[in-house]
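Asks: This one is query-v3.txt, compact mmCIF, N, CA and C atoms.
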# COMPACT_ATOMS: atom_id res chain seq x y z
N MET G 1028 -111.49 69.92 -95.50
CA MET G 1028 -112.79 69.60 -94.95
C MET G 1028 -113.69 70.82 -95.04
N ILE G 1029 -114.96 70.54 -95.24
CA ILE G 1029 -115.94 71.61 -95.32
C ILE G 1029 -117.18 71.19 -94.53
N GLN G 1030 -117.76 72.13 -93.83
CA GLN G 1030 -118.95 71.85 -93.03
C GLN G 1030 -120.15 72.49 -93.70
N TYR G 1031 -121.22 71.72 -93.83
CA TYR G 1031 -122.48 72.24 -94.38
C TYR G 1031 -123.58 72.07 -93.35
N THR G 1032 -124.47 73.03 -93.34
CA THR G 1032 -125.73 72.86 -92.63
C THR G 1032 -126.68 72.30 -93.67
N LEU G 1033 -127.29 71.18 -93.36
CA LEU G 1033 -128.16 70.48 -94.31
C LEU G 1033 -129.59 70.48 -93.79
N LYS G 1034 -130.53 70.26 -94.74
CA LYS G 1034 -131.93 70.10 -94.33
C LYS G 1034 -132.57 69.03 -95.20
N CYS G 1035 -133.54 68.33 -94.60
CA CYS G 1035 -134.26 67.29 -95.34
C CYS G 1035 -135.57 67.86 -95.87
N ASP G 1036 -136.31 67.03 -96.58
CA ASP G 1036 -137.59 67.47 -97.14
C ASP G 1036 -138.63 67.75 -96.07
N LYS G 1037 -138.37 67.35 -94.84
CA LYS G 1037 -139.30 67.63 -93.73
C LYS G 1037 -138.82 68.83 -92.89
N GLU G 1038 -137.81 69.57 -93.43
CA GLU G 1038 -137.29 70.81 -92.83
C GLU G 1038 -136.45 70.60 -91.57
N HIS G 1039 -136.01 69.36 -91.33
CA HIS G 1039 -135.08 69.14 -90.21
C HIS G 1039 -133.71 69.64 -90.65
N THR G 1040 -132.98 70.30 -89.76
CA THR G 1040 -131.63 70.76 -90.12
C THR G 1040 -130.59 70.09 -89.23
N PHE G 1041 -129.41 69.90 -89.81
CA PHE G 1041 -128.29 69.30 -89.09
C PHE G 1041 -127.01 69.66 -89.82
N ASP G 1042 -125.91 69.57 -89.12
CA ASP G 1042 -124.60 69.88 -89.70
C ASP G 1042 -123.85 68.59 -90.00
N SER G 1043 -123.02 68.65 -91.05
CA SER G 1043 -122.19 67.50 -91.38
C SER G 1043 -120.93 67.99 -92.10
N TRP G 1044 -119.85 67.23 -91.92
CA TRP G 1044 -118.57 67.56 -92.53
C TRP G 1044 -118.34 66.68 -93.77
N PHE G 1045 -117.69 67.27 -94.79
CA PHE G 1045 -117.39 66.55 -96.02
C PHE G 1045 -115.96 66.86 -96.44
N GLN G 1046 -115.36 65.93 -97.17
CA GLN G 1046 -113.99 66.12 -97.62
C GLN G 1046 -113.89 67.29 -98.58
N SER G 1047 -114.94 67.50 -99.38
CA SER G 1047 -114.95 68.61 -100.34
C SER G 1047 -116.38 68.83 -100.81
N SER G 1048 -116.58 69.87 -101.57
CA SER G 1048 -117.90 70.16 -102.12
C SER G 1048 -118.33 69.05 -103.08
N SER G 1049 -117.38 68.57 -103.87
CA SER G 1049 -117.71 67.50 -104.83
C SER G 1049 -118.02 66.19 -104.10
N ALA G 1050 -117.37 65.96 -102.95
CA ALA G 1050 -117.67 64.76 -102.17
C ALA G 1050 -119.10 64.82 -101.65
N PHE G 1051 -119.55 66.02 -101.21
CA PHE G 1051 -120.93 66.18 -100.77
C PHE G 1051 -121.88 65.86 -101.92
N GLU G 1052 -121.62 66.43 -103.10
CA GLU G 1052 -122.52 66.24 -104.25
C GLU G 1052 -122.60 64.77 -104.66
N LYS G 1053 -121.48 64.07 -104.61
CA LYS G 1053 -121.44 62.65 -104.96
C LYS G 1053 -122.26 61.83 -103.96
N LEU G 1054 -122.09 62.08 -102.67
CA LEU G 1054 -122.85 61.36 -101.66
C LEU G 1054 -124.33 61.71 -101.72
N GLN G 1055 -124.64 62.97 -102.02
CA GLN G 1055 -126.04 63.40 -102.12
C GLN G 1055 -126.72 62.68 -103.30
N ALA G 1056 -126.03 62.63 -104.44
CA ALA G 1056 -126.60 61.98 -105.63
C ALA G 1056 -126.84 60.49 -105.41
N SER G 1057 -125.99 59.85 -104.63
CA SER G 1057 -126.16 58.42 -104.38
C SER G 1057 -127.04 58.15 -103.16
N LYS G 1058 -127.66 59.22 -102.61
CA LYS G 1058 -128.59 59.14 -101.48
C LYS G 1058 -127.94 58.50 -100.25
N MET G 1059 -126.65 58.77 -100.07
CA MET G 1059 -125.93 58.22 -98.92
C MET G 1059 -125.93 59.18 -97.74
N ILE G 1060 -126.51 60.37 -97.93
CA ILE G 1060 -126.65 61.30 -96.81
C ILE G 1060 -128.10 61.20 -96.37
N VAL G 1061 -128.29 60.98 -95.08
CA VAL G 1061 -129.66 60.87 -94.56
C VAL G 1061 -129.84 61.82 -93.39
N CYS G 1062 -131.08 62.24 -93.19
CA CYS G 1062 -131.42 63.12 -92.09
C CYS G 1062 -131.16 62.40 -90.77
N SER G 1063 -130.46 63.08 -89.88
CA SER G 1063 -130.15 62.46 -88.59
C SER G 1063 -131.36 62.41 -87.66
N ILE G 1064 -132.47 63.07 -88.07
CA ILE G 1064 -133.67 63.07 -87.23
C ILE G 1064 -134.70 62.07 -87.73
N CYS G 1065 -135.00 62.11 -89.06
CA CYS G 1065 -136.07 61.25 -89.58
C CYS G 1065 -135.60 60.18 -90.55
N GLY G 1066 -134.36 60.23 -90.97
CA GLY G 1066 -133.84 59.21 -91.88
C GLY G 1066 -134.10 59.47 -93.36
N SER G 1067 -134.70 60.60 -93.72
CA SER G 1067 -134.98 60.92 -95.12
C SER G 1067 -133.66 61.10 -95.88
N SER G 1068 -133.63 60.63 -97.13
CA SER G 1068 -132.43 60.81 -97.95
C SER G 1068 -132.61 61.96 -98.95
N LYS G 1069 -133.71 62.71 -98.83
CA LYS G 1069 -133.94 63.89 -99.68
C LYS G 1069 -133.31 65.08 -98.95
N ILE G 1070 -132.00 65.27 -99.19
CA ILE G 1070 -131.20 66.24 -98.45
C ILE G 1070 -130.69 67.32 -99.40
N GLU G 1071 -130.69 68.55 -98.91
CA GLU G 1071 -130.08 69.66 -99.65
C GLU G 1071 -129.37 70.58 -98.65
N LYS G 1072 -128.50 71.44 -99.19
CA LYS G 1072 -127.80 72.38 -98.33
C LYS G 1072 -128.79 73.45 -97.86
N ALA G 1073 -128.69 73.79 -96.60
CA ALA G 1073 -129.50 74.88 -96.05
C ALA G 1073 -128.72 76.18 -96.22
N ILE G 1074 -129.42 77.29 -96.17
CA ILE G 1074 -128.74 78.58 -96.21
C ILE G 1074 -127.96 78.73 -94.92
N MET G 1075 -126.70 79.13 -95.04
CA MET G 1075 -125.88 79.28 -93.85
C MET G 1075 -124.91 80.43 -94.01
N ALA G 1076 -124.51 81.00 -92.89
CA ALA G 1076 -123.53 82.09 -92.91
C ALA G 1076 -122.14 81.50 -93.06
N PRO G 1077 -121.25 82.21 -93.76
CA PRO G 1077 -119.89 81.68 -93.89
C PRO G 1077 -119.17 81.70 -92.55
N ARG G 1078 -118.32 80.71 -92.34
CA ARG G 1078 -117.52 80.65 -91.12
C ARG G 1078 -116.21 81.36 -91.40
N VAL G 1079 -115.85 82.29 -90.54
CA VAL G 1079 -114.61 83.03 -90.70
C VAL G 1079 -113.67 82.63 -89.58
N ASN G 1080 -112.47 82.23 -89.96
CA ASN G 1080 -111.47 81.86 -88.97
C ASN G 1080 -110.92 83.12 -88.33
N LYS G 1081 -111.09 83.25 -87.02
CA LYS G 1081 -110.65 84.46 -86.31
C LYS G 1081 -109.14 84.49 -86.12
N ASN G 1082 -108.45 83.39 -86.36
CA ASN G 1082 -107.01 83.34 -86.14
C ASN G 1082 -106.21 83.60 -87.41
N THR G 1083 -106.85 84.10 -88.46
CA THR G 1083 -106.12 84.36 -89.68
C THR G 1083 -105.21 85.56 -89.50
N LYS G 1084 -104.23 85.68 -90.37
CA LYS G 1084 -103.26 86.77 -90.29
C LYS G 1084 -103.68 87.94 -91.17
N ILE G 1085 -104.95 88.03 -91.51
CA ILE G 1085 -105.44 89.13 -92.32
C ILE G 1085 -105.36 90.41 -91.51
N SER G 1086 -104.78 91.42 -92.11
CA SER G 1086 -104.64 92.70 -91.42
C SER G 1086 -105.93 93.49 -91.53
N VAL G 1087 -106.54 93.77 -90.40
CA VAL G 1087 -107.76 94.55 -90.36
C VAL G 1087 -107.49 95.76 -89.48
N LYS G 1088 -107.75 96.95 -90.02
CA LYS G 1088 -107.55 98.13 -89.22
C LYS G 1088 -108.64 98.22 -88.17
N LYS G 1089 -108.21 98.13 -86.92
CA LYS G 1089 -109.13 98.21 -85.80
C LYS G 1089 -109.21 99.67 -85.37
N LYS G 1090 -110.41 100.16 -85.18
CA LYS G 1090 -110.58 101.53 -84.75
C LYS G 1090 -110.14 101.62 -83.29
N LYS G 1091 -109.22 102.55 -83.02
CA LYS G 1091 -108.72 102.72 -81.67
C LYS G 1091 -109.69 103.51 -80.82
N HIS G 1092 -109.71 103.17 -79.54
CA HIS G 1092 -110.46 103.93 -78.56
C HIS G 1092 -109.82 105.32 -78.49
N PRO G 1093 -110.58 106.38 -78.25
CA PRO G 1093 -109.99 107.73 -78.19
C PRO G 1093 -108.80 107.84 -77.22
N ALA G 1094 -108.86 107.14 -76.10
CA ALA G 1094 -107.74 107.18 -75.15
C ALA G 1094 -106.50 106.52 -75.76
N GLU G 1095 -106.67 105.40 -76.46
CA GLU G 1095 -105.54 104.74 -77.11
C GLU G 1095 -104.94 105.64 -78.19
N GLN G 1096 -105.80 106.32 -78.92
CA GLN G 1096 -105.34 107.23 -79.96
C GLN G 1096 -104.54 108.38 -79.35
N ALA G 1097 -105.04 108.94 -78.25
CA ALA G 1097 -104.34 110.05 -77.58
C ALA G 1097 -102.96 109.60 -77.09
N ILE G 1098 -102.89 108.42 -76.49
CA ILE G 1098 -101.60 107.91 -76.00
C ILE G 1098 -100.65 107.67 -77.16
N ALA G 1099 -101.16 107.14 -78.26
CA ALA G 1099 -100.32 106.92 -79.44
C ALA G 1099 -99.76 108.24 -79.97
N GLU G 1100 -100.58 109.28 -79.95
CA GLU G 1100 -100.11 110.60 -80.41
C GLU G 1100 -99.07 111.17 -79.46
N ILE G 1101 -99.27 111.01 -78.15
CA ILE G 1101 -98.29 111.47 -77.16
C ILE G 1101 -96.97 110.73 -77.38
N LYS G 1102 -97.05 109.43 -77.54
CA LYS G 1102 -95.85 108.61 -77.75
C LYS G 1102 -95.09 109.08 -78.98
N LYS G 1103 -95.80 109.29 -80.07
CA LYS G 1103 -95.16 109.74 -81.31
C LYS G 1103 -94.48 111.08 -81.09
N HIS G 1104 -95.17 112.01 -80.43
CA HIS G 1104 -94.61 113.34 -80.18
C HIS G 1104 -93.35 113.25 -79.32
N VAL G 1105 -93.41 112.48 -78.23
CA VAL G 1105 -92.25 112.34 -77.34
C VAL G 1105 -91.08 111.72 -78.10
N GLU G 1106 -91.33 110.65 -78.85
CA GLU G 1106 -90.24 109.97 -79.56
C GLU G 1106 -89.63 110.83 -80.66
N GLU G 1107 -90.43 111.68 -81.30
CA GLU G 1107 -89.91 112.54 -82.37
C GLU G 1107 -89.22 113.80 -81.85
N ASN G 1108 -89.54 114.21 -80.62
CA ASN G 1108 -89.05 115.49 -80.12
C ASN G 1108 -88.17 115.39 -78.89
N SER G 1109 -87.81 114.20 -78.47
CA SER G 1109 -86.99 114.02 -77.27
C SER G 1109 -85.91 112.99 -77.56
N HIS G 1110 -84.91 112.97 -76.67
CA HIS G 1110 -83.81 112.01 -76.79
C HIS G 1110 -84.03 110.89 -75.79
N TYR G 1111 -83.95 109.67 -76.25
CA TYR G 1111 -84.10 108.52 -75.38
C TYR G 1111 -82.77 108.26 -74.69
N VAL G 1112 -82.76 108.28 -73.35
CA VAL G 1112 -81.52 108.08 -72.59
C VAL G 1112 -81.52 106.78 -71.81
N GLY G 1113 -82.53 105.96 -72.04
CA GLY G 1113 -82.59 104.64 -71.42
C GLY G 1113 -82.59 104.68 -69.91
N LYS G 1114 -81.79 103.79 -69.32
CA LYS G 1114 -81.75 103.66 -67.86
C LYS G 1114 -80.97 104.79 -67.19
N ASP G 1115 -80.38 105.68 -67.97
CA ASP G 1115 -79.66 106.83 -67.42
C ASP G 1115 -80.58 108.03 -67.20
N PHE G 1116 -81.89 107.82 -67.30
CA PHE G 1116 -82.82 108.95 -67.21
C PHE G 1116 -82.63 109.78 -65.94
N ALA G 1117 -82.61 109.14 -64.77
CA ALA G 1117 -82.50 109.88 -63.50
C ALA G 1117 -81.18 110.66 -63.45
N LYS G 1118 -80.10 110.03 -63.84
CA LYS G 1118 -78.78 110.68 -63.84
C LYS G 1118 -78.77 111.88 -64.78
N GLU G 1119 -79.29 111.72 -65.98
CA GLU G 1119 -79.33 112.81 -66.97
C GLU G 1119 -80.23 113.95 -66.50
N ALA G 1120 -81.41 113.62 -65.98
CA ALA G 1120 -82.34 114.65 -65.52
C ALA G 1120 -81.72 115.46 -64.38
N ARG G 1121 -81.06 114.79 -63.44
CA ARG G 1121 -80.42 115.48 -62.31
C ARG G 1121 -79.28 116.37 -62.81
N ALA G 1122 -78.46 115.86 -63.73
CA ALA G 1122 -77.33 116.64 -64.27
C ALA G 1122 -77.83 117.89 -64.99
N MET G 1123 -78.91 117.78 -65.73
CA MET G 1123 -79.47 118.97 -66.41
C MET G 1123 -80.00 119.96 -65.38
N HIS G 1124 -80.67 119.46 -64.37
CA HIS G 1124 -81.23 120.33 -63.33
C HIS G 1124 -80.12 121.09 -62.59
N LEU G 1125 -78.99 120.43 -62.36
CA LEU G 1125 -77.87 121.05 -61.65
C LEU G 1125 -77.01 121.92 -62.57
N GLY G 1126 -77.28 121.89 -63.87
CA GLY G 1126 -76.50 122.70 -64.82
C GLY G 1126 -75.24 122.02 -65.32
N ASP G 1127 -75.07 120.75 -64.98
CA ASP G 1127 -73.88 120.01 -65.42
C ASP G 1127 -74.00 119.58 -66.88
N LEU G 1128 -75.21 119.51 -67.39
CA LEU G 1128 -75.48 119.18 -68.81
C LEU G 1128 -76.44 120.22 -69.36
N PRO G 1129 -76.34 120.52 -70.66
CA PRO G 1129 -77.31 121.46 -71.23
C PRO G 1129 -78.72 120.84 -71.20
N GLU G 1130 -79.72 121.68 -70.98
CA GLU G 1130 -81.11 121.20 -70.95
C GLU G 1130 -81.54 120.78 -72.34
N ARG G 1131 -82.27 119.69 -72.39
CA ARG G 1131 -82.85 119.17 -73.62
C ARG G 1131 -83.98 118.23 -73.23
N PRO G 1132 -84.95 118.04 -74.11
CA PRO G 1132 -86.02 117.11 -73.77
C PRO G 1132 -85.51 115.67 -73.84
N ILE G 1133 -85.73 114.92 -72.74
CA ILE G 1133 -85.30 113.52 -72.69
C ILE G 1133 -86.44 112.65 -72.18
N TYR G 1134 -86.32 111.37 -72.47
CA TYR G 1134 -87.21 110.37 -71.88
C TYR G 1134 -86.41 109.09 -71.73
N GLY G 1135 -86.85 108.26 -70.82
CA GLY G 1135 -86.14 107.02 -70.58
C GLY G 1135 -86.79 106.23 -69.48
N GLU G 1136 -85.97 105.50 -68.75
CA GLU G 1136 -86.47 104.61 -67.71
C GLU G 1136 -85.83 104.97 -66.38
N ALA G 1137 -86.64 104.88 -65.32
CA ALA G 1137 -86.13 105.12 -63.97
C ALA G 1137 -86.83 104.19 -63.00
N LYS G 1138 -86.09 103.77 -61.98
CA LYS G 1138 -86.70 102.97 -60.92
C LYS G 1138 -87.60 103.89 -60.11
N THR G 1139 -88.57 103.31 -59.43
CA THR G 1139 -89.52 104.09 -58.64
C THR G 1139 -88.80 104.98 -57.63
N GLU G 1140 -87.79 104.43 -56.95
CA GLU G 1140 -87.05 105.22 -55.96
C GLU G 1140 -86.34 106.40 -56.62
N GLU G 1141 -85.77 106.19 -57.81
CA GLU G 1141 -85.07 107.27 -58.51
C GLU G 1141 -86.05 108.38 -58.89
N ALA G 1142 -87.22 107.99 -59.40
CA ALA G 1142 -88.22 108.99 -59.79
C ALA G 1142 -88.69 109.79 -58.58
N LYS G 1143 -88.94 109.11 -57.46
CA LYS G 1143 -89.36 109.80 -56.23
C LYS G 1143 -88.29 110.77 -55.76
N SER G 1144 -87.04 110.37 -55.85
CA SER G 1144 -85.93 111.22 -55.42
C SER G 1144 -85.86 112.48 -56.30
N LEU G 1145 -86.05 112.32 -57.60
CA LEU G 1145 -86.06 113.48 -58.50
C LEU G 1145 -87.17 114.45 -58.12
N ILE G 1146 -88.36 113.92 -57.89
CA ILE G 1146 -89.52 114.75 -57.53
C ILE G 1146 -89.27 115.44 -56.19
N ASP G 1147 -88.73 114.70 -55.21
CA ASP G 1147 -88.44 115.27 -53.89
C ASP G 1147 -87.43 116.42 -53.99
N ASP G 1148 -86.53 116.34 -54.97
CA ASP G 1148 -85.51 117.38 -55.15
C ASP G 1148 -86.00 118.51 -56.06
N GLY G 1149 -87.27 118.49 -56.41
CA GLY G 1149 -87.84 119.56 -57.22
C GLY G 1149 -87.51 119.49 -58.70
N ILE G 1150 -87.12 118.33 -59.17
CA ILE G 1150 -86.79 118.14 -60.59
C ILE G 1150 -88.07 117.70 -61.29
N PRO G 1151 -88.54 118.51 -62.26
CA PRO G 1151 -89.83 118.18 -62.89
C PRO G 1151 -89.73 116.96 -63.82
N VAL G 1152 -90.39 115.88 -63.42
CA VAL G 1152 -90.48 114.66 -64.23
C VAL G 1152 -91.90 114.15 -64.14
N THR G 1153 -92.27 113.35 -65.10
CA THR G 1153 -93.60 112.74 -65.08
C THR G 1153 -93.53 111.37 -65.74
N PRO G 1154 -94.29 110.41 -65.22
CA PRO G 1154 -94.31 109.09 -65.87
C PRO G 1154 -95.03 109.18 -67.22
N LEU G 1155 -94.58 108.37 -68.14
CA LEU G 1155 -95.21 108.31 -69.46
C LEU G 1155 -96.27 107.21 -69.48
N PRO G 1156 -97.36 107.43 -70.22
CA PRO G 1156 -98.42 106.41 -70.27
C PRO G 1156 -98.15 105.31 -71.31
N PHE G 1157 -96.87 105.08 -71.61
CA PHE G 1157 -96.51 104.05 -72.58
C PHE G 1157 -95.10 103.57 -72.26
N THR G 1158 -94.74 102.43 -72.83
CA THR G 1158 -93.38 101.92 -72.71
C THR G 1158 -92.56 102.51 -73.84
N PRO G 1159 -91.45 103.16 -73.50
CA PRO G 1159 -90.66 103.78 -74.56
C PRO G 1159 -90.01 102.75 -75.47
N ASN G 1160 -89.82 103.15 -76.74
CA ASN G 1160 -89.04 102.32 -77.65
C ASN G 1160 -87.60 102.40 -77.18
N ARG G 1161 -86.92 101.30 -77.20
CA ARG G 1161 -85.53 101.26 -76.72
C ARG G 1161 -84.59 101.60 -77.87
N LYS G 1162 -84.55 102.89 -78.20
CA LYS G 1162 -83.67 103.35 -79.27
C LYS G 1162 -83.18 104.75 -78.92
N THR G 1163 -82.15 105.17 -79.57
CA THR G 1163 -81.62 106.51 -79.36
C THR G 1163 -82.03 107.36 -80.55
N ASN G 1164 -82.60 108.52 -80.26
CA ASN G 1164 -83.00 109.44 -81.35
C ASN G 1164 -81.84 110.28 -81.78
Written as structure tokens, that's how I'd like the structure from this file.
Replies:
Amino acid sequence: MIQYTLKCDKEHTFDSWFQSSSAFEKLQASKMIVCSICGSSKIEKAIMAPRVNKNTKISVKKKKHPAEQAIAEIKKHVEENSHYVGKDFAKEARAMHLGDLPERPIYGEAKTEEAKSLIDDGIPVTPLPFTPNRKTN
């Protein structure tokens, strides 16, 4: 199906749907298209902007907001330079702080209570402004 904006010889405009471009031309030649306002059969296509389907899967690079770009860069840096320890984050951070494990940069997941407990015990941690990828580096 194709939609055209049409106009008659009296400059009235209206939209109509056709099975194809050739179907429009065939109906136009046989004067079977008439103006919906005045009934004139002297119809032609009006100038119209193309309709673009917004739901297409065409990949368009969207410019990121500076804050989004900064977070993406932080995420990349953390993921490339730290070890993901998943839900063991609080346990690993505490063990490193106590000297039970060698210090190394880590990131992972912690419950709110676990994070508060680490902070209360003087263990330096900070929330990340992104959801970590669930993988081990």
Asks: Each side padded by 4 Å, which centre and which edge lengths in Å (one decimal) define the axis-aligned box around the listed atoms of segment 1092-1100 of chain G? Give them as lines of an AutoDock Vina configuration file.
Replies:
center_x = -104.8
center_y = 107.2
center_z = -77.8
size_x = 19.5
size_y = 16.0
size_z = 13.3
Asks: Between atom CA of Pro1159 of chain G and atom CA of Ser1144 of chain G, what is the distance in Å, rounded to a tenth?
Replies: 21.1 Å
Asks: Give the answer as one residue: which of G:Ile1029, G:Ile1098, G:Lys1090, G:Ser1048 has the shortest atom-to-atom distance to Phe1157 of chain G, using only N, CA and C atoms?
Replies: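 Smallest distance to Phe1157 of chain G is found for G:Ile1098.
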Asks: Mind checking which residues fall within 7 Å of Ser1068 of chain G, counting all atoms listed in the file, ignoring those fewer than 4 positions away in the same chain, and posting them as a list in words?
Replies: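 Here the qualifying residues turn out to be Cys1035, Asp1036, Lys1058, Met1059, Ile1060, Val1061 and Cys1062 of chain G.
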Asks: Find the distance between atom C of Leu1033 of chain G and atom CA of Phe1051 of chain G and write it in Å to one decimal.
Replies: 11.9 Å
Asks: Could you pull out the strand (DSSP E) residues of segment 1046-1160 of chain G, going by DSSP on the backbone, and write them as a short mmCIF file (atom, residue, chain, number, x, y, z; two decimals) with N, CA and C atoms, in the coordinates of the input?
Replies:
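Everything below was put into out-v3.cif:
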data_model
loop_
_atom_site.label_atom_id
_atom_site.label_comp_id
_atom_site.auth_asym_id
_atom_site.auth_seq_id
_atom_site.Cartn_x
_atom_site.Cartn_y
_atom_site.Cartn_z
N ILE G 1070 -132.00 65.27 -99.19
CA ILE G 1070 -131.20 66.24 -98.45
C ILE G 1070 -130.69 67.32 -99.40
N GLU G 1071 -130.69 68.55 -98.91
CA GLU G 1071 -130.08 69.66 -99.65
C GLU G 1071 -129.37 70.58 -98.65
N LYS G 1072 -128.50 71.44 -99.19
CA LYS G 1072 -127.80 72.38 -98.33
C LYS G 1072 -128.79 73.45 -97.86
N HIS G 1110 -84.91 112.97 -76.67
CA HIS G 1110 -83.81 112.01 -76.79
C HIS G 1110 -84.03 110.89 -75.79
N TYR G 1111 -83.95 109.67 -76.25
CA TYR G 1111 -84.10 108.52 -75.38
C TYR G 1111 -82.77 108.26 -74.69
N VAL G 1112 -82.76 108.28 -73.35
CA VAL G 1112 -81.52 108.08 -72.59
C VAL G 1112 -81.52 106.78 -71.81
N GLY G 1113 -82.53 105.96 -72.04
CA GLY G 1113 -82.59 104.64 -71.42
C GLY G 1113 -82.59 104.68 -69.91
N ILE G 1133 -85.73 114.92 -72.74
CA ILE G 1133 -85.30 113.52 -72.69
C ILE G 1133 -86.44 112.65 -72.18
N TYR G 1134 -86.32 111.37 -72.47
CA TYR G 1134 -87.21 110.37 -71.88
C TYR G 1134 -86.41 109.09 -71.73
N GLY G 1135 -86.85 108.26 -70.82
CA GLY G 1135 -86.14 107.02 -70.58
C GLY G 1135 -86.79 106.23 -69.48
#
Asks: Any idea what the distance is between atom C of Ala1099 of chain G and atom N of Lys1118 of chain G?
Replies: 25.5 Å
Asks: Choose the residue, out of G:Val1112, G:Ile1146, G:Ala1120, G:Ile1070, that has the smallest atom-to-atom separation from Gln1055 of chain G; count all atoms listed in the file.
Replies: G:Ile1070
Asks: Considering only N, CA and C atoms, state which residue in the set G:Lys1102, G:His1039, G:Arg1131, G:Lys1034 is at the smallest distance from Glu1071 of chain G.
Replies: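 Ranking G:Lys1102, G:His1039, G:Arg1131, G:Lys1034 by distance to Glu1071 of chain G, first place goes to G:Lys1034.
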Asks: How would you write, as a VMD selection string, the set of residues in segment 1102-1149 of chain G that DSSP gives as helix (DSSP H, G or I)?
Replies: chain G and resid 1102 to 1108 1116 to 1125 1139 to 1147
Asks: So that I can see what lies close to Gly1149 of chain G, please list as a list of chain:residue names the residues with an atom at most 10 Å from it, counting only C-alpha atoms and leaving out residues fewer than 5 positions away in the same chain.
Replies: G:Arg1121, G:His1124, G:Lys1143, G:Ser1144
